[in-house]
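Enquirer: Dropping in input03.txt, with compact mmCIF, C-alpha atoms.
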```txt
# COMPACT_ATOMS: atom_id res chain seq x y z
CA MET Y 587 -44.33 21.29 -33.08
CA SER Y 588 -41.74 18.55 -32.67
CA LYS Y 589 -40.04 16.99 -35.66
CA PRO Y 590 -40.53 13.27 -36.38
CA ILE Y 591 -37.75 11.04 -35.05
CA VAL Y 592 -36.17 8.31 -37.19
CA ALA Y 593 -33.86 5.73 -35.57
CA ILE Y 594 -31.35 3.66 -37.53
CA VAL Y 595 -30.99 0.26 -35.85
CA GLY Y 596 -29.37 -3.08 -36.64
CA ARG Y 597 -26.70 -5.44 -35.39
CA PRO Y 598 -23.08 -4.19 -35.28
CA ASN Y 599 -21.06 -3.58 -38.45
CA VAL Y 600 -23.86 -3.51 -41.03
CA GLY Y 601 -23.21 0.13 -42.00
CA LYS Y 602 -25.49 2.15 -39.73
CA SER Y 603 -22.97 4.94 -39.22
CA THR Y 604 -22.12 5.04 -42.93
CA LEU Y 605 -25.82 5.48 -43.72
CA PHE Y 606 -26.20 8.07 -40.96
CA ASN Y 607 -23.27 10.09 -42.32
CA ALA Y 608 -24.58 9.81 -45.89
CA LEU Y 609 -27.94 11.26 -44.83
CA ALA Y 610 -26.53 13.85 -42.41
CA GLY Y 611 -24.09 15.04 -45.08
CA GLU Y 612 -21.11 15.05 -42.73
CA ASN Y 613 -18.98 12.59 -40.79
CA ILE Y 614 -20.63 12.72 -37.39
CA SER Y 615 -20.39 9.03 -36.51
CA ILE Y 616 -17.10 7.15 -36.29
CA VAL Y 617 -16.98 4.56 -39.06
CA LYS Y 618 -14.69 1.54 -38.63
CA ASP Y 619 -14.89 -2.14 -39.47
CA THR Y 620 -14.88 -3.13 -35.81
CA PRO Y 621 -18.25 -4.15 -34.32
CA GLY Y 622 -19.23 -1.81 -31.51
CA VAL Y 623 -17.32 1.29 -32.64
CA THR Y 624 -20.45 3.50 -32.52
CA ARG Y 625 -20.87 3.56 -28.76
CA ASP Y 626 -22.80 6.79 -28.18
CA ARG Y 627 -26.05 7.55 -29.91
CA ILE Y 628 -25.57 10.50 -32.21
CA TYR Y 629 -28.31 12.66 -33.70
CA ALA Y 630 -28.65 14.97 -36.70
CA GLU Y 631 -31.33 16.98 -38.43
CA VAL Y 632 -32.12 15.69 -41.93
CA THR Y 633 -34.33 17.23 -44.63
CA TRP Y 634 -35.84 15.13 -47.41
CA LEU Y 635 -38.09 16.89 -49.94
CA ASP Y 636 -40.15 19.20 -47.70
CA GLN Y 637 -39.87 17.08 -44.55
CA THR Y 638 -37.37 17.70 -41.75
CA PHE Y 639 -36.76 15.05 -39.12
CA THR Y 640 -34.35 14.18 -36.30
CA MET Y 641 -32.28 11.10 -37.10
CA ILE Y 642 -30.68 8.94 -34.40
CA ASP Y 643 -27.71 6.65 -34.97
CA THR Y 644 -27.47 3.79 -32.46
CA GLY Y 645 -24.95 1.29 -31.30
CA GLY Y 646 -25.48 -2.16 -32.85
CA ILE Y 647 -27.86 -4.59 -31.20
CA GLU Y 648 -26.30 -7.90 -30.11
CA PRO Y 649 -29.43 -9.65 -28.78
CA GLU Y 650 -27.71 -12.42 -26.79
CA SER Y 651 -24.43 -10.76 -25.82
CA GLN Y 652 -23.32 -10.76 -22.17
CA ASP Y 653 -20.57 -8.25 -22.93
CA ILE Y 654 -21.29 -5.16 -20.81
CA ILE Y 655 -20.75 -2.59 -23.59
CA LEU Y 656 -22.79 -4.57 -26.13
CA SER Y 657 -25.60 -5.08 -23.62
CA GLN Y 658 -25.57 -1.32 -22.92
CA MET Y 659 -25.71 -0.70 -26.66
CA ARG Y 660 -28.73 -3.02 -26.84
CA GLU Y 661 -30.49 -0.97 -24.17
CA GLN Y 662 -29.46 2.21 -25.97
CA ALA Y 663 -31.00 0.91 -29.20
CA GLN Y 664 -34.17 -0.09 -27.32
CA ILE Y 665 -34.53 3.49 -26.06
CA ALA Y 666 -34.06 4.75 -29.63
CA ILE Y 667 -36.81 2.35 -30.78
CA ASP Y 668 -39.14 3.56 -28.01
CA THR Y 669 -38.44 7.20 -28.88
CA ALA Y 670 -38.68 6.96 -32.67
CA ASP Y 671 -41.68 7.52 -34.93
CA VAL Y 672 -40.14 5.40 -37.72
CA ILE Y 673 -37.28 2.86 -37.64
CA ILE Y 674 -34.81 2.12 -40.42
CA PHE Y 675 -33.69 -1.49 -39.84
CA ILE Y 676 -30.40 -1.96 -41.66
CA THR Y 677 -28.97 -5.38 -42.62
CA ASP Y 678 -25.96 -6.53 -44.66
CA VAL Y 679 -26.53 -8.30 -48.02
CA ARG Y 680 -22.95 -9.63 -48.10
CA GLN Y 681 -23.19 -11.38 -44.74
CA GLY Y 682 -26.71 -12.52 -45.64
CA LEU Y 683 -29.58 -13.13 -43.26
CA VAL Y 684 -28.20 -14.21 -39.87
CA ASP Y 685 -29.84 -15.28 -36.62
CA ALA Y 686 -29.13 -11.92 -34.94
CA ASP Y 687 -31.12 -10.13 -37.69
CA SER Y 688 -34.16 -12.29 -36.88
CA LYS Y 689 -33.82 -11.45 -33.18
CA VAL Y 690 -33.59 -7.71 -33.94
CA ALA Y 691 -36.64 -8.07 -36.22
CA ASP Y 692 -38.57 -9.69 -33.30
CA MET Y 693 -37.62 -6.74 -31.09
CA LEU Y 694 -38.87 -4.30 -33.75
CA ARG Y 695 -42.10 -6.23 -34.32
CA ARG Y 696 -42.89 -6.05 -30.59
CA SER Y 697 -42.37 -2.27 -30.64
CA GLY Y 698 -45.33 -1.84 -33.02
CA LYS Y 699 -43.44 1.01 -34.74
CA PRO Y 700 -43.34 1.37 -38.55
CA VAL Y 701 -40.15 -0.24 -39.91
CA VAL Y 702 -38.36 0.37 -43.23
CA LEU Y 703 -36.07 -2.59 -44.00
CA ALA Y 704 -32.85 -1.49 -45.74
CA VAL Y 705 -30.45 -4.15 -47.09
CA ASN Y 706 -27.08 -2.40 -47.23
CA LYS Y 707 -23.90 -2.92 -49.31
CA ALA Y 708 -25.94 -3.87 -52.42
CA ASP Y 709 -23.82 -1.75 -54.74
CA SER Y 710 -24.71 -3.90 -57.76
CA VAL Y 711 -28.41 -4.60 -58.19
CA LYS Y 712 -27.74 -7.33 -60.79
CA LYS Y 713 -25.26 -9.12 -58.52
CA TYR Y 714 -27.12 -8.90 -55.20
CA MET Y 715 -30.87 -8.69 -55.97
CA MET Y 716 -31.59 -12.38 -55.35
CA ASP Y 717 -29.75 -12.12 -52.01
CA VAL Y 718 -31.85 -9.05 -51.11
CA TYR Y 719 -35.07 -11.08 -51.59
CA GLU Y 720 -33.87 -13.46 -48.86
CA PHE Y 721 -34.64 -10.71 -46.31
CA TYR Y 722 -38.40 -11.10 -46.98
CA ASN Y 723 -38.02 -14.01 -44.53
CA LEU Y 724 -37.74 -11.51 -41.67
CA GLY Y 725 -41.46 -10.83 -42.10
CA ILE Y 726 -41.29 -7.08 -41.54
CA GLY Y 727 -42.01 -5.80 -45.03
CA GLU Y 728 -40.29 -5.28 -48.35
CA PRO Y 729 -36.47 -5.22 -48.26
CA MET Y 730 -35.00 -2.17 -50.04
CA ALA Y 731 -31.57 -2.55 -51.65
CA ILE Y 732 -29.23 0.32 -50.75
CA SER Y 733 -25.54 1.12 -50.69
CA ALA Y 734 -24.83 3.72 -48.00
CA ALA Y 735 -21.17 4.03 -49.04
CA ASN Y 736 -22.11 4.71 -52.70
CA ARG Y 737 -25.29 6.70 -51.92
CA MET Y 738 -27.44 4.26 -53.93
CA GLY Y 739 -31.13 3.65 -53.26
CA LEU Y 740 -31.31 6.24 -50.45
CA GLY Y 741 -34.02 8.33 -52.14
CA ASP Y 742 -36.46 5.41 -52.40
CA MET Y 743 -35.69 4.46 -48.82
CA LEU Y 744 -36.39 8.01 -47.55
CA ASP Y 745 -39.61 8.16 -49.58
CA ALA Y 746 -40.72 5.04 -47.69
CA VAL Y 747 -39.70 6.59 -44.35
CA VAL Y 748 -41.55 9.92 -44.75
CA LYS Y 749 -44.80 8.12 -45.72
CA TYR Y 750 -45.05 7.06 -42.07
CA PHE Y 751 -44.71 10.57 -40.61
CA PRO Y 752 -47.76 11.87 -38.76
CA GLU Y 753 -49.60 14.28 -41.04
CA ASN Y 754 -50.21 17.04 -38.53
CA THR Y 755 -47.33 16.89 -36.04
CA GLY Y 756 -48.09 18.76 -32.84
CA ALA Y 757 -51.12 20.78 -34.01
CA ASP Y 758 -53.19 19.65 -31.05
CA GLU Y 759 -54.77 21.52 -28.18
CA GLU Y 760 -51.47 21.48 -26.28
CA GLU Y 761 -49.76 23.59 -28.96
CA ASP Y 762 -50.75 26.84 -27.22
CA ILE Y 763 -49.58 25.70 -23.78
CA PRO Y 764 -45.94 26.68 -23.15
CA HIS Y 765 -43.68 23.59 -23.08
CA ILE Y 766 -40.77 23.87 -20.65
CA ALA Y 767 -37.95 21.29 -20.78
CA VAL Y 768 -35.97 20.84 -17.57
CA VAL Y 769 -32.50 19.53 -18.46
CA GLY Y 770 -29.20 19.03 -16.70
CA LYS Y 771 -26.88 16.44 -15.27
CA PRO Y 772 -28.23 13.69 -12.99
CA ASN Y 773 -29.08 14.62 -9.43
CA VAL Y 774 -29.18 18.41 -9.87
CA GLY Y 775 -32.82 18.51 -8.74
CA LYS Y 776 -34.85 18.42 -11.95
CA SER Y 777 -37.47 16.05 -10.54
CA SER Y 778 -37.46 17.86 -7.18
CA LEU Y 779 -38.33 21.09 -8.98
CA ILE Y 780 -41.30 19.53 -10.78
CA ASN Y 781 -42.52 17.87 -7.58
CA LYS Y 782 -42.32 21.23 -5.80
CA LEU Y 783 -44.42 22.83 -8.53
CA LEU Y 784 -46.96 19.98 -8.34
CA GLY Y 785 -46.98 19.74 -4.59
CA GLU Y 786 -46.78 15.95 -4.87
CA ASP Y 787 -44.12 13.32 -5.47
CA ARG Y 788 -45.13 12.35 -8.99
CA VAL Y 789 -41.58 12.08 -10.34
CA ILE Y 790 -39.25 9.68 -8.47
CA VAL Y 791 -36.65 11.64 -6.54
CA SER Y 792 -33.61 9.77 -5.31
CA ASP Y 793 -29.99 10.49 -4.44
CA VAL Y 794 -28.98 7.92 -7.03
CA ALA Y 795 -27.90 9.84 -10.12
CA GLY Y 796 -29.98 8.99 -13.15
CA THR Y 797 -33.16 7.79 -11.40
CA THR Y 798 -35.37 9.46 -13.98
CA ARG Y 799 -35.05 7.15 -16.95
CA ASP Y 800 -37.81 8.55 -19.14
CA ALA Y 801 -38.82 12.04 -20.17
CA VAL Y 802 -41.98 12.80 -18.18
CA ASP Y 803 -44.60 15.39 -19.16
CA THR Y 804 -46.30 17.20 -16.30
CA ARG Y 805 -49.03 19.85 -16.46
CA VAL Y 806 -48.54 22.66 -13.96
CA LYS Y 807 -50.88 25.56 -13.28
CA TRP Y 808 -49.36 28.77 -11.93
CA GLN Y 809 -51.46 31.87 -11.25
CA GLY Y 810 -54.13 30.78 -13.72
CA ARG Y 811 -51.77 29.89 -16.58
CA GLU Y 812 -51.00 26.32 -17.69
CA TYR Y 813 -47.53 25.01 -18.53
CA ILE Y 814 -46.27 21.59 -19.59
CA PHE Y 815 -42.96 20.68 -17.93
CA ILE Y 816 -40.81 17.99 -19.53
CA ASP Y 817 -38.45 16.30 -17.07
CA THR Y 818 -35.55 14.46 -18.69
CA ALA Y 819 -33.00 11.83 -17.78
CA GLY Y 820 -29.89 13.62 -16.58
CA LEU Y 821 -26.69 13.73 -18.61
CA ARG Y 822 -23.60 12.36 -16.93
CA ARG Y 823 -20.07 13.44 -17.74
CA LYS Y 824 -17.99 11.27 -20.09
CA GLY Y 825 -15.82 9.65 -17.41
CA LYS Y 826 -18.83 7.89 -15.89
CA VAL Y 827 -20.49 6.91 -19.15
CA LYS Y 828 -19.56 3.24 -18.80
CA GLU Y 829 -21.42 2.84 -15.52
CA ASP Y 830 -24.94 2.20 -16.71
CA ILE Y 831 -27.80 3.91 -18.48
CA GLU Y 832 -26.48 7.45 -18.82
CA ARG Y 833 -25.01 7.02 -22.30
CA TYR Y 834 -28.60 6.88 -23.60
CA SER Y 835 -29.84 10.11 -22.12
CA VAL Y 836 -28.50 12.55 -24.73
CA ILE Y 837 -31.34 11.64 -27.07
CA ARG Y 838 -33.89 12.24 -24.34
CA THR Y 839 -32.49 15.71 -23.85
CA VAL Y 840 -32.46 16.38 -27.60
CA THR Y 841 -36.07 15.28 -28.08
CA ALA Y 842 -37.25 17.16 -24.96
CA VAL Y 843 -35.48 20.33 -26.13
CA GLU Y 844 -36.97 19.83 -29.61
CA ARG Y 845 -40.50 19.85 -28.14
CA ALA Y 846 -39.95 22.76 -25.77
CA HIS Y 847 -40.45 26.49 -26.17
CA VAL Y 848 -38.20 27.28 -23.21
CA VAL Y 849 -35.38 25.18 -21.75
CA ILE Y 850 -34.42 25.41 -18.07
CA ILE Y 851 -30.81 24.28 -17.65
CA MET Y 852 -30.35 23.26 -14.02
CA ILE Y 853 -26.93 23.67 -12.47
CA ASP Y 854 -25.90 22.40 -9.04
CA ALA Y 855 -24.78 25.39 -6.94
CA GLU Y 856 -22.60 23.15 -4.78
CA GLU Y 857 -20.76 21.76 -7.80
CA GLY Y 858 -20.73 24.93 -9.91
CA VAL Y 859 -21.02 25.15 -13.69
CA THR Y 860 -19.16 22.38 -15.57
CA GLU Y 861 -18.14 21.49 -19.11
CA GLN Y 862 -21.02 19.00 -19.19
CA ASP Y 863 -23.47 21.82 -18.39
CA ALA Y 864 -22.03 23.74 -21.34
CA LYS Y 865 -22.68 20.76 -23.64
CA ILE Y 866 -26.28 20.48 -22.47
CA ALA Y 867 -26.79 24.23 -22.91
CA GLY Y 868 -25.27 23.94 -26.39
CA ILE Y 869 -28.14 21.63 -27.46
CA ALA Y 870 -30.72 24.28 -26.49
CA HIS Y 871 -28.66 27.05 -28.12
CA ASP Y 872 -28.31 25.09 -31.39
CA LYS Y 873 -32.08 24.52 -31.50
CA GLY Y 874 -32.78 28.25 -31.00
CA LYS Y 875 -34.82 27.82 -27.83
CA GLY Y 876 -35.49 30.23 -25.01
CA VAL Y 877 -32.95 29.53 -22.27
CA ILE Y 878 -33.06 29.99 -18.49
CA ILE Y 879 -30.16 28.85 -16.31
CA ALA Y 880 -31.50 27.82 -12.90
CA VAL Y 881 -28.80 27.52 -10.25
CA ASN Y 882 -30.35 25.03 -7.82
CA LYS Y 883 -29.55 24.22 -4.16
CA TRP Y 884 -28.80 27.92 -3.59
CA ASP Y 885 -30.02 27.52 0.02
CA ALA Y 886 -27.10 25.12 0.68
CA ILE Y 887 -24.40 27.67 -0.23
CA GLU Y 888 -22.63 29.82 2.35
CA LYS Y 889 -22.95 33.34 1.01
CA ASN Y 890 -21.49 36.79 1.41
CA ASP Y 891 -22.12 39.98 -0.57
CA LYS Y 892 -19.87 38.80 -3.44
CA THR Y 893 -21.13 35.18 -3.85
CA ILE Y 894 -23.84 35.86 -6.43
CA TYR Y 895 -21.49 37.96 -8.59
CA LYS Y 896 -18.81 35.26 -8.44
CA TYR Y 897 -21.31 32.60 -9.57
CA THR Y 898 -22.78 34.82 -12.28
CA ASN Y 899 -19.35 35.65 -13.72
CA ARG Y 900 -18.29 31.98 -13.72
CA ILE Y 901 -21.48 30.87 -15.50
CA ARG Y 902 -21.19 33.68 -18.07
CA GLU Y 903 -17.58 32.68 -18.69
CA VAL Y 904 -18.33 28.97 -19.30
CA LEU Y 905 -21.50 29.71 -21.30
CA SER Y 906 -19.99 32.67 -23.15
CA TYR Y 907 -21.68 31.66 -26.44
CA MET Y 908 -25.11 32.39 -24.93
CA PRO Y 909 -24.91 35.74 -23.10
CA TYR Y 910 -28.65 36.21 -23.64
CA ALA Y 911 -29.57 33.34 -21.24
CA GLU Y 912 -31.45 34.44 -18.10
CA LEU Y 913 -30.10 33.45 -14.68
CA VAL Y 914 -32.24 32.51 -11.66
CA PHE Y 915 -30.89 31.27 -8.31
CA ILE Y 916 -33.40 28.82 -6.78
CA SER Y 917 -33.95 26.00 -4.34
CA ALA Y 918 -36.26 23.24 -5.62
CA LYS Y 919 -36.32 21.78 -2.11
CA THR Y 920 -37.54 24.90 -0.25
CA GLY Y 921 -39.30 26.66 -3.13
CA LEU Y 922 -36.91 29.65 -2.98
CA ARG Y 923 -37.55 32.05 -5.93
CA ILE Y 924 -39.93 29.66 -7.73
CA SER Y 925 -42.26 32.60 -8.46
CA ARG Y 926 -39.29 34.46 -9.98
CA LEU Y 927 -38.66 31.41 -12.19
CA PHE Y 928 -42.22 31.60 -13.57
CA GLU Y 929 -41.93 35.35 -14.19
CA THR Y 930 -38.73 34.65 -16.14
CA ILE Y 931 -40.40 31.85 -18.15
CA ASP Y 932 -43.23 34.22 -19.14
CA MET Y 933 -40.77 36.95 -20.12
CA VAL Y 934 -38.69 34.56 -22.25
CA ILE Y 935 -41.81 33.21 -24.03
CA GLU Y 936 -42.83 36.78 -24.82
CA ASN Y 937 -39.37 37.58 -26.22
CA GLN Y 938 -39.30 34.38 -28.29
CA THR Y 939 -42.47 35.49 -30.09
CA LEU Y 940 -41.66 39.22 -30.32
CA ARG Y 941 -42.02 40.69 -33.84
CA ILE Y 942 -40.37 43.95 -34.89
CA GLN Y 943 -41.76 45.97 -37.78
CA THR Y 944 -39.45 46.27 -40.78
CA GLY Y 945 -39.51 50.10 -40.65
CA VAL Y 946 -38.42 50.18 -37.01
CA LEU Y 947 -35.73 47.54 -37.64
CA ASN Y 948 -34.25 49.58 -40.48
CA GLU Y 949 -34.10 52.71 -38.35
CA ILE Y 950 -31.91 50.74 -35.91
CA LEU Y 951 -29.88 49.40 -38.84
CA THR Y 952 -29.26 52.89 -40.30
CA GLU Y 953 -28.16 54.19 -36.90
CA ALA Y 954 -25.84 51.18 -36.37
CA ILE Y 955 -24.21 51.66 -39.80
CA ALA Y 956 -23.67 55.36 -39.09
CA LEU Y 957 -21.94 54.54 -35.80
CA GLN Y 958 -19.72 51.81 -37.25
CA GLN Y 959 -19.06 51.51 -40.97
CA PRO Y 960 -19.50 48.03 -42.50
CA PRO Y 961 -16.23 46.19 -43.27
CA SER Y 962 -14.47 46.33 -46.64
CA ASP Y 963 -12.06 43.98 -48.40
CA ARG Y 964 -9.65 44.90 -51.24
CA GLY Y 965 -11.40 48.18 -51.84
CA LYS Y 966 -14.91 46.68 -51.94
CA ARG Y 967 -17.18 47.78 -49.08
CA LEU Y 968 -20.10 45.83 -47.68
CA LYS Y 969 -23.42 47.50 -48.42
CA ILE Y 970 -26.42 46.60 -46.29
CA PHE Y 971 -29.68 47.36 -48.10
CA TYR Y 972 -32.29 46.42 -45.50
CA MET Y 973 -33.31 43.95 -42.81
CA THR Y 974 -36.61 42.21 -42.10
CA GLN Y 975 -37.86 39.74 -39.49
CA VAL Y 976 -39.14 36.53 -41.09
CA SER Y 977 -40.09 34.31 -38.14
CA VAL Y 978 -40.24 33.81 -34.37
CA ARG Y 979 -39.10 31.03 -32.00
CA PRO Y 980 -36.34 32.04 -32.36
CA PRO Y 981 -36.70 35.55 -33.79
CA THR Y 982 -35.06 35.28 -37.22
CA PHE Y 983 -33.90 38.18 -39.39
CA VAL Y 984 -32.85 38.31 -43.02
CA ILE Y 985 -30.25 40.95 -43.94
CA PHE Y 986 -29.92 41.83 -47.65
CA VAL Y 987 -26.40 42.83 -48.70
CA ASN Y 988 -24.33 43.37 -51.86
CA SER Y 989 -21.91 40.52 -51.00
CA LYS Y 990 -22.25 37.70 -48.46
CA GLU Y 991 -18.46 37.24 -48.37
CA LEU Y 992 -18.02 40.76 -46.97
CA MET Y 993 -20.52 40.20 -44.14
CA HIS Y 994 -18.09 39.25 -41.38
CA PHE Y 995 -19.32 37.33 -38.33
CA SER Y 996 -18.16 40.15 -36.03
CA TYR Y 997 -20.32 42.71 -37.86
CA THR Y 998 -23.37 40.42 -37.62
CA ARG Y 999 -22.68 40.17 -33.87
CA TYR Y 1000 -22.43 43.99 -33.71
CA LEU Y 1001 -25.86 44.34 -35.37
CA GLU Y 1002 -27.29 41.69 -33.03
CA ASN Y 1003 -26.08 43.69 -30.02
CA LYS Y 1004 -27.71 46.85 -31.41
CA ILE Y 1005 -31.04 45.00 -31.85
CA ARG Y 1006 -30.80 43.63 -28.32
CA ASP Y 1007 -30.01 47.12 -26.96
CA ALA Y 1008 -33.18 48.42 -28.63
CA PHE Y 1009 -35.63 45.56 -28.04
CA GLY Y 1010 -34.18 43.37 -25.28
CA PHE Y 1011 -34.87 39.84 -26.53
CA ARG Y 1012 -33.68 38.58 -23.12
CA GLY Y 1013 -33.57 34.81 -22.80
CA THR Y 1014 -33.71 33.97 -26.51
CA SER Y 1015 -31.13 33.47 -29.21
CA LEU Y 1016 -31.51 35.44 -32.45
CA ARG Y 1017 -30.90 33.99 -35.91
CA PHE Y 1018 -29.52 35.96 -38.86
CA ILE Y 1019 -29.70 34.90 -42.50
CA ILE Y 1020 -27.50 36.86 -44.90
CA ARG Y 1021 -28.75 37.12 -48.49
CA GLU Y 1022 -27.49 38.93 -51.55
CA ARG Y 1023 -30.11 41.14 -53.13
CA GLY Y 1024 -31.75 39.25 -55.94
CA GLU Y 1025 -31.62 35.90 -54.12
CA LYS Y 1026 -35.00 34.26 -53.60
CA GLU Y 1027 -36.54 35.10 -50.25
```
Can the structure in the file be given as structure tokens, please?

Expert:
Amino acid sequence: MSKPIVAIVGRPNVGKSTLFNALAGENISIVKDTPGVTRDRIYAEVTWLDQTFTMIDTGGIEPESQDIILSQMREQAQIAIDTADVIIFITDVRQGLVDADSKVADMLRRSGKPVVLAVNKADSVKKYMMDVYEFYNLGIGEPMAISAANRMGLGDMLDAVVKYFPENTGADEEEDIPHIAVVGKPNVGKSSLINKLLGEDRVIVSDVAGTTRDAVDTRVKWQGREYIFIDTAGLRRKGKVKEDIERYSVIRTVTAVERAHVVIIMIDAEEGVTEQDAKIAGIAHDKGKGVIIAVNKWDAIEKNDKTIYKYTNRIREVLSYMPYAELVFISAKTGLRISRLFETIDMVIENQTLRIQTGVLNEILTEAIALQQPPSDRGKRLKIFYMTQVSVRPPTFVIFVNSKELMHFSYTRYLENKIRDAFGFRGTSLRFIIRERGEKE
């Protein structure tokens, strides 16, 4: 179910971000010649041949540094190593083999994870090949000459990476059990919720933000049905990033969301919805997961007859890109509306796997077109031939048209609203793929 995770690690300024951007196909990481520029771990989805994986870029490892930011980057890289299925260890042929490379290699050897050793900046094989062989001394396998800046040698490197992927990712007995990721900022009550469901203090709960360092899987049985809850390290807002471990927690959220069917985004009722909550929700939205927004600590709020409407409107305003998300007001401490939370989880799972017959879909489509004509441009009108559902989780539809250019975003949104009016799909995003007739399905 979850995609393999590949981490790019190495000491500062060897070209990790350049490699990351080359593979991601866009400039996601900041690239500068100053060691330590890549401070936050960044992730991207990469496809090579028929394999798709999540790639993590890390800050450089300075094994002996006492500098607070570099030591945080070292811990960040360690978390990436622990999380990854395969590690790309990147070194610099022009600087040659240095002591810090050996120390990073020791760290990787201890991890027991498969490592692909990439020797970067070798843009001339003839000139640098003898220098590349020097990296055999690290004792972690064959060094592969690459040039991230010139896109050289990347194919061979990726071939070596995908060989290590597990053959049957996620097809185990747990596949049929719904996976629920609980995400949110530190100290909103994620661990308290899971402990309430378990009836025991299995996950450490503390008033210190960021107590939960690792993602924790917990089996919960509710009214005869099993669920696996994934508790994650909380995400802290940018201003506090320098304090300690919170800069590393984005990747935990990404990998937890990746593995989940449904994501519960916990919001602190006392604090209200924040920009950071919107960023966390954006990860779940981008991955096409079922989404429930749980407003926690609702018992601590002074209420009148307008309070719930005020909160709902504020959340809908900040999370306007996901109007489909379900809202539940709970208290993890007292157990308020926990049963409602489970009912909502079950409903969202059902909607994520809902399939609509092509005939029924096209009846809705015909009616929608009759009510609002498709857009035209310079005398040419968009023609929509038919629509079909091609997959679930999230429900994905292909619309065949005469011209993709004429299919405006606003008209796609209009059709989405018509489908939601007819079939609900509460709690799940919908994906639309626009194809010109004649294109391969």

Enquirer: Fewer than 2 positions away in the same chain doesn't count, so skip those; otherwise give me all residues within 12 Å of Ile1020 of chain Y, counting all atoms listed in the file, as a PyMOL selection string.

Expert: chain Y and resi 968-974+982-995+997-998+1017-1018+1022-1023+1025-1027

Enquirer: Any chance you could export the current selection's C-alpha atoms as a short mmCIF file (atom, residue, chain, number, x, y, z; two decimals), keeping the file's coordinate frame?

Expert:
```cif
data_model
loop_
_atom_site.label_atom_id
_atom_site.label_comp_id
_atom_site.auth_asym_id
_atom_site.auth_seq_id
_atom_site.Cartn_x
_atom_site.Cartn_y
_atom_site.Cartn_z
CA LEU Y 968 -20.10 45.83 -47.68
CA LYS Y 969 -23.42 47.50 -48.42
CA ILE Y 970 -26.42 46.60 -46.29
CA PHE Y 971 -29.68 47.36 -48.10
CA TYR Y 972 -32.29 46.42 -45.50
CA MET Y 973 -33.31 43.95 -42.81
CA THR Y 974 -36.61 42.21 -42.10
CA THR Y 982 -35.06 35.28 -37.22
CA PHE Y 983 -33.90 38.18 -39.39
CA VAL Y 984 -32.85 38.31 -43.02
CA ILE Y 985 -30.25 40.95 -43.94
CA PHE Y 986 -29.92 41.83 -47.65
CA VAL Y 987 -26.40 42.83 -48.70
CA ASN Y 988 -24.33 43.37 -51.86
CA SER Y 989 -21.91 40.52 -51.00
CA LYS Y 990 -22.25 37.70 -48.46
CA GLU Y 991 -18.46 37.24 -48.37
CA LEU Y 992 -18.02 40.76 -46.97
CA MET Y 993 -20.52 40.20 -44.14
CA HIS Y 994 -18.09 39.25 -41.38
CA PHE Y 995 -19.32 37.33 -38.33
CA TYR Y 997 -20.32 42.71 -37.86
CA THR Y 998 -23.37 40.42 -37.62
CA ARG Y 1017 -30.90 33.99 -35.91
CA PHE Y 1018 -29.52 35.96 -38.86
CA GLU Y 1022 -27.49 38.93 -51.55
CA ARG Y 1023 -30.11 41.14 -53.13
CA GLU Y 1025 -31.62 35.90 -54.12
CA LYS Y 1026 -35.00 34.26 -53.60
CA GLU Y 1027 -36.54 35.10 -50.25
#
```

Enquirer: Quote the spacing between atom CA of Lys712 of chain Y and atom CA of Pro729 of chain Y in Å to one decimal place.

Expert: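 Interatomic distance here is 15.4 Å.
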
Enquirer: Show me, as JSON lines, the residues of segment 956-1010 of chain Y having an atom within 10 Å of segment 930-939 of chain Y, each with the closest atom pair and its distance in Å, using all atoms listed in the file.

Expert:
```
{"residue": "Y:Ser977", "atom": "CA", "partner": "Y:Thr939", "partner_atom": "CA", "distance": 8.5}
{"residue": "Y:Val978", "atom": "CA", "partner": "Y:Thr939", "partner_atom": "CA", "distance": 5.1}
{"residue": "Y:Arg979", "atom": "CA", "partner": "Y:Gln938", "partner_atom": "CA", "distance": 5.0}
{"residue": "Y:Pro980", "atom": "CA", "partner": "Y:Gln938", "partner_atom": "CA", "distance": 5.5}
{"residue": "Y:Pro981", "atom": "CA", "partner": "Y:Gln938", "partner_atom": "CA", "distance": 6.2}
{"residue": "Y:Thr982", "atom": "CA", "partner": "Y:Gln938", "partner_atom": "CA", "distance": 9.9}
{"residue": "Y:Phe1009", "atom": "CA", "partner": "Y:Asn937", "partner_atom": "CA", "distance": 9.0}
{"residue": "Y:Gly1010", "atom": "CA", "partner": "Y:Asn937", "partner_atom": "CA", "distance": 7.8}
```

Enquirer: Rank nothing, just name the residue among Y:Leu951, Y:Leu683, Y:Ala734, Y:Met693 nearest to Glu648 of chain Y, using all atoms listed in the file.

Expert: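 Once distances to Glu648 of chain Y are computed over all atoms listed in the file, the minimum belongs to Y:Met693.
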
Enquirer: Considering all atoms listed in the file, state which residue in the set Y:Pro752, Y:Pro598, Y:Pro764, Y:Gly611 is at the smallest distance from Gly876 of chain Y.

Expert: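 Nearest candidate to Gly876 of chain Y out of Y:Pro752, Y:Pro598, Y:Pro764, Y:Gly611: Y:Pro764.
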
Enquirer: Return the single residue from Y:Arg1006, Y:Lys883, Y:Arg964, Y:Lys589 that is closest to Phe639 of chain Y, with distances computed using only C-alpha atoms.

Expert: Y:Lys589

Enquirer: From the set Y:Thr818, Y:Ala663, Y:Arg811, Y:Lys1004, which residue has the shortest atom-to-atom contact distance to Leu957 of chain Y, counting only C-alpha atoms?

Expert: Y:Lys1004

Enquirer: Provide the atom CA of Gly921 of chain Y to atom CA of Gly858 of chain Y distance in Å, to one decimal place.

Expert: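 Atom CA of Gly921 of chain Y sits 19.8 Å away from atom CA of Gly858 of chain Y.
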